[in-house]
Amino acid sequence: MACFNYVLSFIFPPTYNPFNFPLFPNNQLESPTTIAIMKQYLNIIFTLSFLLFSLLHCSTPSAQAPVPAPPTGPTDIIKILKKASQYTTFIRLLKSTQVSDRLIGELRDPDDGKTIFAPTDKAFTNLKSGAMNSLNDNQRVELVLFHVVPVYIPLNQFQTVSSPMTTQAGDSGDGEFPLNVTSAGNTVTLMTGLTKTRLAGTIYTDGQLAIYRVDQVLQPLQIFASRSSGPATAPGKAADVAEKSKASSLAMHNLALFAVSVIAFALSL
């Protein structure tokens with residue numbers, strides 16, 4: 001009881017105590033006055049405790065539900081190639097053919113993977129003069145899509161890939177868009193029938209998208225085979241043609257001599 005009196009005396013100064021005597025003398029514990037005083041102070045203590053609790057509760061910041069992170073968009077292929085530099089021509093083709101927009105849309109599906117073979121600017125300058133300018137819009141789209149495989153292939157998995165690979169350009173059959181691949185360790189070689197080149201390095205990989213550097217433009221047969229020079233005549237066949245031409249000329253010469261002889265004989269009669 002003495003401890004209780006001390007606490008109350010500490011909270012309320014003596015000037016506040018209208019009675020100015022120990023709150024609960026031992027000889028007055030059961031008197032009506034003592035009971036009234038006890039009720040008065042208990043009400044005050046309860047009220048102050050309630051106010052203190054309310055103040056602490058309001059001043060404590062309420063726990064907020066964590067704000068969900070904004071959904072990550074698909075990988076920006078153009079941004080990756082720009083950062084890697086030396087892919088200006090390929091970037092321009094991706095944009096002009098709208099293949100970049102198509103790939104971004106497809107990559108929104110987390111189950112849809114892609115592998116891209118990105119030719120350097122030097123690879124395009126090594127093409128025959130006018131090779132790119134002679135392509136129509138559809139052929140440009142096919143050329144870009146020929147550098148895209150519709151699955152994600154990490155570098156160490158090329159040895160398990162079926163050859164020829166199917167690209168997003170179309171059928172991999174003969175004369176169409178076949179892309180053959182061979183792998184020996186980390187050396188991966190790509191062959192189109194017109195082009196043979198190796199993967200020169202990894203530009204980007206994240207488990208859904210892989211972009212590899214190639215130092216030659218992958219030229220599909222469907223587009224570039226008809227633009228190459230026609231097959232040369234075999235040496236034996238050329239000799240036969242020359243011999244026939246010579247025999248034909250000799251026959252014509254003999255026929256002309258015979259005609260002149262006949263005319264001269266007729267005039268002599």
# chains A, B, ... in the order shown; residues from 1 in each chain; ligands from 1
call {"tool": "residues_around", "arguments": {"residues": "stretch 120-134 of chain A", "least_positions_apart": "6", "cutoff": "6 Å", "atoms": "only C-alpha atoms", "output": "ChimeraX atom specification"}}
result
/A:86-87,89,215-217
call {"tool": "write_last_selection", "arguments": {"atoms": "N, CA and C atoms", "output": "mmCIF file, in the first residue's frame"}}
result
data_model
loop_
_atom_site.group_PDB
_atom_site.id
_atom_site.type_symbol
_atom_site.label_atom_id
_atom_site.label_comp_id
_atom_site.auth_asym_id
_atom_site.auth_seq_id
_atom_site.Cartn_x
_atom_site.Cartn_y
_atom_site.Cartn_z
ATOM 1 N N GLN A 86 28.202 -1.903 -82.080
ATOM 2 C CA GLN A 86 28.556 -2.565 -83.340
ATOM 3 C C GLN A 86 27.435 -3.406 -83.954
ATOM 4 N N TYR A 87 26.165 -3.067 -83.625
ATOM 5 C CA TYR A 87 25.031 -3.786 -84.208
ATOM 6 C C TYR A 87 24.012 -2.811 -84.800
ATOM 7 N N THR A 89 23.342 -1.831 -87.910
ATOM 8 C CA THR A 89 22.593 -2.303 -89.087
ATOM 9 C C THR A 89 21.534 -3.316 -88.692
ATOM 10 N N ASP A 215 29.855 -13.238 -86.829
ATOM 11 C CA ASP A 215 30.660 -12.320 -87.636
ATOM 12 C C ASP A 215 30.322 -12.388 -89.114
ATOM 13 N N GLN A 216 29.293 -13.171 -89.467
ATOM 14 C CA GLN A 216 28.800 -13.192 -90.845
ATOM 15 C C GLN A 216 27.277 -13.177 -90.816
ATOM 16 N N VAL A 217 26.700 -12.557 -91.821
ATOM 17 C CA VAL A 217 25.250 -12.583 -91.968
ATOM 18 C C VAL A 217 24.835 -13.981 -92.421
#
call {"tool": "atom_distance", "arguments": {"atom1": "atom CA of A:Ala169", "atom2": "atom CA of A:Leu93"}}
result
14.4 Å
call {"tool": "closest_atom_pairs", "arguments": {"of": "stretch 115-208 of chain A", "to": "stretch 94-100 of chain A", "cutoff": "8 Å", "atoms": "only C-alpha atoms", "output": "CSV"}}
result
residue,atom,partner,partner_atom,distance
A:Asp137,CA,A:Thr97,CA,7.5
A:Arg140,CA,A:Thr97,CA,7.0
A:Val141,CA,A:Thr97,CA,5.6
A:Val144,CA,A:Leu94,CA,6.9
A:Leu145,CA,A:Val99,CA,7.5
call {"tool": "atom_distance", "arguments": {"atom1": "atom CA of A:Leu143", "atom2": "atom CA of A:Ala84"}}
result
21.3 Å
call {"tool": "atom_distance", "arguments": {"atom1": "atom CA of A:Thr202", "atom2": "atom CA of A:Thr182"}}
result
17.0 Å
call {"tool": "residues_around", "arguments": {"residues": "A:Thr192", "least_positions_apart": "5", "cutoff": "12 Å", "atoms": "only C-alpha atoms", "output": "tab-separated table (two decimals) with all heavy atoms, in the first residue's frame"}}
result
chain	number	residue	atom	x	y	z
A	143	LEU	N	14.91	-12.47	-93.75
A	143	LEU	CA	16.33	-12.47	-93.40
A	143	LEU	C	16.50	-12.28	-91.89
A	143	LEU	O	17.30	-12.98	-91.25
A	143	LEU	CB	17.06	-11.37	-94.16
A	143	LEU	CG	18.55	-11.20	-93.81
A	143	LEU	CD1	19.33	-12.46	-94.11
A	143	LEU	CD2	19.14	-10.01	-94.55
A	146	PHE	N	15.37	-15.27	-89.95
A	146	PHE	CA	16.28	-16.40	-90.11
A	146	PHE	C	17.36	-16.39	-89.03
A	146	PHE	O	18.00	-17.41	-88.78
A	146	PHE	CB	16.94	-16.33	-91.50
A	146	PHE	CG	17.74	-17.56	-91.86
A	146	PHE	CD1	17.14	-18.80	-91.96
A	146	PHE	CD2	19.10	-17.47	-92.12
A	146	PHE	CE1	17.87	-19.93	-92.30
A	146	PHE	CE2	19.84	-18.59	-92.47
A	146	PHE	CZ	19.22	-19.82	-92.55
A	147	HIS	N	17.54	-15.26	-88.39
A	147	HIS	CA	18.52	-15.14	-87.30
A	147	HIS	C	17.89	-15.36	-85.93
A	147	HIS	O	18.53	-15.11	-84.91
A	147	HIS	CB	19.19	-13.76	-87.34
A	147	HIS	CG	20.11	-13.57	-88.51
A	147	HIS	ND1	19.65	-13.35	-89.79
A	147	HIS	CD2	21.47	-13.57	-88.60
A	147	HIS	CE1	20.68	-13.22	-90.62
A	147	HIS	NE2	21.80	-13.35	-89.92
A	163	SER	N	19.60	-30.89	-86.06
A	163	SER	CA	20.06	-30.12	-87.21
A	163	SER	C	19.43	-30.69	-88.47
A	163	SER	O	19.39	-31.92	-88.64
A	163	SER	CB	21.59	-30.18	-87.29
A	163	SER	OG	22.08	-29.32	-88.28
A	164	PRO	N	18.90	-29.85	-89.37
A	164	PRO	CA	18.91	-28.39	-89.31
A	164	PRO	C	17.89	-27.84	-88.31
A	164	PRO	O	16.85	-28.44	-88.07
A	164	PRO	CB	18.56	-27.97	-90.73
A	164	PRO	CG	17.73	-29.10	-91.25
A	164	PRO	CD	18.31	-30.34	-90.64
A	165	MET	N	18.23	-26.69	-87.73
A	165	MET	CA	17.32	-26.03	-86.81
A	165	MET	C	16.22	-25.31	-87.58
A	165	MET	O	16.42	-24.86	-88.71
A	165	MET	CB	18.08	-25.00	-85.96
A	165	MET	CG	19.04	-25.59	-84.96
A	165	MET	SD	19.67	-24.31	-83.81
A	165	MET	CE	20.56	-23.25	-84.94
A	166	THR	N	15.08	-25.21	-86.94
A	166	THR	CA	13.97	-24.44	-87.50
A	166	THR	C	14.06	-23.02	-86.96
A	166	THR	O	14.09	-22.82	-85.75
A	166	THR	CB	12.62	-25.05	-87.14
A	166	THR	OG1	12.54	-26.37	-87.68
A	166	THR	CG2	11.47	-24.21	-87.68
A	167	THR	N	14.12	-22.05	-87.85
A	167	THR	CA	14.12	-20.66	-87.45
A	167	THR	C	12.73	-20.08	-87.63
A	167	THR	O	11.83	-20.73	-88.17
A	167	THR	CB	15.13	-19.85	-88.28
A	167	THR	OG1	14.66	-19.77	-89.64
A	167	THR	CG2	16.50	-20.51	-88.26
A	172	SER	N	12.59	-25.59	-92.65
A	172	SER	CA	14.04	-25.87	-92.68
A	172	SER	C	14.41	-26.86	-93.77
A	172	SER	O	15.53	-27.36	-93.80
A	172	SER	CB	14.50	-26.42	-91.32
A	172	SER	OG	13.83	-27.63	-91.03
A	173	GLY	N	13.50	-27.14	-94.69
A	173	GLY	CA	13.77	-28.10	-95.76
A	173	GLY	C	14.77	-27.56	-96.77
A	173	GLY	O	15.11	-26.37	-96.78
A	174	ASP	N	15.25	-28.45	-97.64
A	174	ASP	CA	16.22	-28.07	-98.66
A	174	ASP	C	15.65	-26.97	-99.56
A	174	ASP	O	14.52	-27.03	-100.00
A	174	ASP	CB	16.60	-29.28	-99.52
A	174	ASP	CG	17.38	-30.32	-98.73
A	174	ASP	OD1	17.95	-29.93	-97.69
A	174	ASP	OD2	17.40	-31.49	-99.14
A	175	GLY	N	16.48	-25.97	-99.82
A	175	GLY	CA	16.07	-24.89	-100.68
A	175	GLY	C	15.22	-23.84	-99.98
A	175	GLY	O	14.84	-22.85	-100.60
A	176	GLU	N	14.92	-24.04	-98.70
A	176	GLU	CA	14.08	-23.09	-97.97
A	176	GLU	C	14.94	-22.31	-96.98
A	176	GLU	O	15.70	-21.47	-97.37
A	176	GLU	CB	12.94	-23.84	-97.26
A	176	GLU	CG	11.99	-24.55	-98.22
A	176	GLU	CD	11.16	-23.58	-99.04
A	176	GLU	OE1	10.95	-22.45	-98.56
A	176	GLU	OE2	10.74	-23.94	-100.15
A	177	PHE	N	14.80	-22.65	-95.69
A	177	PHE	CA	15.54	-21.92	-94.67
A	177	PHE	C	16.26	-22.87	-93.72
A	177	PHE	O	16.11	-22.78	-92.51
A	177	PHE	CB	14.59	-21.02	-93.87
A	177	PHE	CG	13.94	-19.95	-94.71
A	177	PHE	CD1	12.69	-20.16	-95.26
A	177	PHE	CD2	14.59	-18.75	-94.95
A	177	PHE	CE1	12.09	-19.18	-96.02
A	177	PHE	CE2	13.99	-17.77	-95.72
A	177	PHE	CZ	12.74	-17.97	-96.27
A	178	PRO	N	17.05	-23.81	-94.24
A	178	PRO	CA	17.78	-24.72	-93.34
A	178	PRO	C	18.93	-23.99	-92.64
A	178	PRO	O	19.64	-23.21	-93.26
A	178	PRO	CB	18.30	-25.79	-94.29
A	178	PRO	CG	18.46	-25.09	-95.60
A	178	PRO	CD	17.34	-24.08	-95.66
A	179	LEU	N	19.08	-24.26	-91.35
A	179	LEU	CA	20.20	-23.72	-90.59
A	179	LEU	C	20.82	-24.87	-89.82
A	179	LEU	O	20.29	-25.32	-88.80
A	179	LEU	CB	19.74	-22.61	-89.64
A	179	LEU	CG	20.84	-21.96	-88.79
A	179	LEU	CD1	21.93	-21.35	-89.68
A	179	LEU	CD2	20.26	-20.90	-87.87
A	180	ASN	N	21.93	-25.36	-90.33
A	180	ASN	CA	22.60	-26.49	-89.70
A	180	ASN	C	23.54	-26.02	-88.61
A	180	ASN	O	24.11	-24.93	-88.69
A	180	ASN	CB	23.39	-27.29	-90.76
A	180	ASN	CG	22.46	-27.96	-91.77
A	180	ASN	OD1	21.81	-28.94	-91.46
A	180	ASN	ND2	22.41	-27.40	-92.97
A	181	VAL	N	23.70	-26.86	-87.60
A	181	VAL	CA	24.54	-26.50	-86.47
A	181	VAL	C	25.38	-27.69	-86.06
A	181	VAL	O	24.90	-28.83	-86.05
A	181	VAL	CB	23.69	-26.00	-85.28
A	181	VAL	CG1	22.66	-27.04	-84.86
A	181	VAL	CG2	24.56	-25.61	-84.10
A	182	THR	N	26.64	-27.43	-85.76
A	182	THR	CA	27.52	-28.44	-85.19
A	182	THR	C	28.16	-27.83	-83.95
A	182	THR	O	28.38	-26.62	-83.88
A	182	THR	CB	28.62	-28.88	-86.18
A	182	THR	OG1	29.42	-27.74	-86.53
A	182	THR	CG2	28.01	-29.50	-87.42
A	197	THR	N	29.75	-19.92	-90.31
A	197	THR	CA	30.34	-19.04	-89.31
A	197	THR	C	30.18	-19.64	-87.92
A	197	THR	O	29.37	-20.55	-87.72
A	197	THR	CB	29.69	-17.64	-89.36
A	197	THR	OG1	30.39	-16.75	-88.48
A	197	THR	CG2	28.23	-17.70	-88.94
A	198	ARG	N	30.94	-19.14	-86.99
A	198	ARG	CA	30.88	-19.62	-85.61
A	198	ARG	C	30.26	-18.56	-84.71
A	198	ARG	O	30.27	-17.37	-85.03
A	198	ARG	CB	32.28	-19.95	-85.09
A	198	ARG	CG	32.94	-21.13	-85.79
A	198	ARG	CD	34.34	-21.36	-85.22
A	198	ARG	NE	34.99	-22.52	-85.83
A	198	ARG	CZ	36.22	-22.93	-85.54
A	198	ARG	NH1	36.94	-22.23	-84.65
A	198	ARG	NH2	36.74	-23.98	-86.13
A	216	GLN	N	29.29	-13.17	-89.47
A	216	GLN	CA	28.80	-13.19	-90.85
A	216	GLN	C	27.28	-13.18	-90.82
A	216	GLN	O	26.66	-13.73	-89.90
A	216	GLN	CB	29.28	-14.44	-91.59
A	216	GLN	CG	30.78	-14.47	-91.87
A	216	GLN	CD	31.15	-15.62	-92.80
A	216	GLN	OE1	30.50	-15.85	-93.82
A	216	GLN	NE2	32.19	-16.35	-92.44
A	217	VAL	N	26.70	-12.56	-91.82
A	217	VAL	CA	25.25	-12.58	-91.97
A	217	VAL	C	24.84	-13.98	-92.42
A	217	VAL	O	25.41	-14.53	-93.36
A	217	VAL	CB	24.78	-11.53	-92.99
A	217	VAL	CG1	23.27	-11.63	-93.19
A	217	VAL	CG2	25.18	-10.13	-92.54
A	218	LEU	N	23.88	-14.57	-91.76
A	218	LEU	CA	23.39	-15.89	-92.15
A	218	LEU	C	22.50	-15.72	-93.38
A	218	LEU	O	21.40	-15.17	-93.30
A	218	LEU	CB	22.60	-16.51	-90.99
A	218	LEU	CG	23.35	-16.66	-89.66
A	218	LEU	CD1	22.45	-17.25	-88.59
A	218	LEU	CD2	24.60	-17.53	-89.84
A	219	GLN	N	22.99	-16.21	-94.50
A	219	GLN	CA	22.28	-16.02	-95.77
A	219	GLN	C	21.44	-17.25	-96.10
A	219	GLN	O	21.99	-18.31	-96.44
A	219	GLN	CB	23.28	-15.76	-96.90
A	219	GLN	CG	24.16	-14.55	-96.68
A	219	GLN	CD	25.17	-14.35	-97.80
A	219	GLN	OE1	24.81	-14.33	-98.98
A	219	GLN	NE2	26.43	-14.21	-97.44
A	220	PRO	N	20.13	-17.16	-96.02
A	220	PRO	CA	19.29	-18.32	-96.33
A	220	PRO	C	19.26	-18.60	-97.83
A	220	PRO	O	19.29	-17.69	-98.66
A	220	PRO	CB	17.91	-17.89	-95.82
A	220	PRO	CG	17.94	-16.40	-95.82
A	220	PRO	CD	19.35	-16.00	-95.54
A	221	LEU	N	19.20	-19.87	-98.17
A	221	LEU	CA	19.16	-20.27	-99.58
A	221	LEU	C	17.95	-19.68	-100.29
A	221	LEU	O	18.03	-19.30	-101.46
A	221	LEU	CB	19.13	-21.80	-99.68
A	221	LEU	CG	20.40	-22.54	-99.25
A	221	LEU	CD1	20.14	-24.04	-99.17
A	221	LEU	CD2	21.54	-22.24	-100.22
A	222	GLN	N	16.82	-19.61	-99.61
A	222	GLN	CA	15.58	-19.14	-100.22
A	222	GLN	C	15.73	-17.73	-100.78
A	222	GLN	O	15.11	-17.38	-101.78
A	222	GLN	CB	14.45	-19.19	-99.19
A	222	GLN	CG	13.11	-18.64	-99.66
A	222	GLN	CD	12.47	-19.54	-100.69
A	222	GLN	OE1	12.95	-20.62	-100.96
A	222	GLN	NE2	11.37	-19.06	-101.27
A	223	ILE	N	16.57	-16.93	-100.14
A	223	ILE	CA	16.71	-15.53	-100.56
A	223	ILE	C	17.92	-15.32	-101.46
A	223	ILE	O	17.83	-14.66	-102.49
A	223	ILE	CB	16.81	-14.62	-99.33
A	223	ILE	CG1	15.53	-14.72	-98.49
A	223	ILE	CG2	17.08	-13.18	-99.73
A	223	ILE	CD1	15.58	-13.94	-97.20
A	224	PHE	N	19.06	-15.90	-101.10
A	224	PHE	CA	20.31	-15.54	-101.76
A	224	PHE	C	20.78	-16.54	-102.80
A	224	PHE	O	21.65	-16.21	-103.60
A	224	PHE	CB	21.41	-15.35	-100.71
A	224	PHE	CG	21.23	-14.13	-99.86
A	224	PHE	CD1	20.60	-14.22	-98.63
A	224	PHE	CD2	21.68	-12.89	-100.29
A	224	PHE	CE1	20.43	-13.09	-97.84
A	224	PHE	CE2	21.51	-11.76	-99.52
A	224	PHE	CZ	20.88	-11.86	-98.29
A	225	ALA	N	20.24	-17.76	-102.80
A	225	ALA	CA	20.74	-18.75	-103.77
A	225	ALA	C	20.46	-18.32	-105.20
A	225	ALA	O	21.29	-18.47	-106.08
A	225	ALA	CB	20.10	-20.11	-103.49
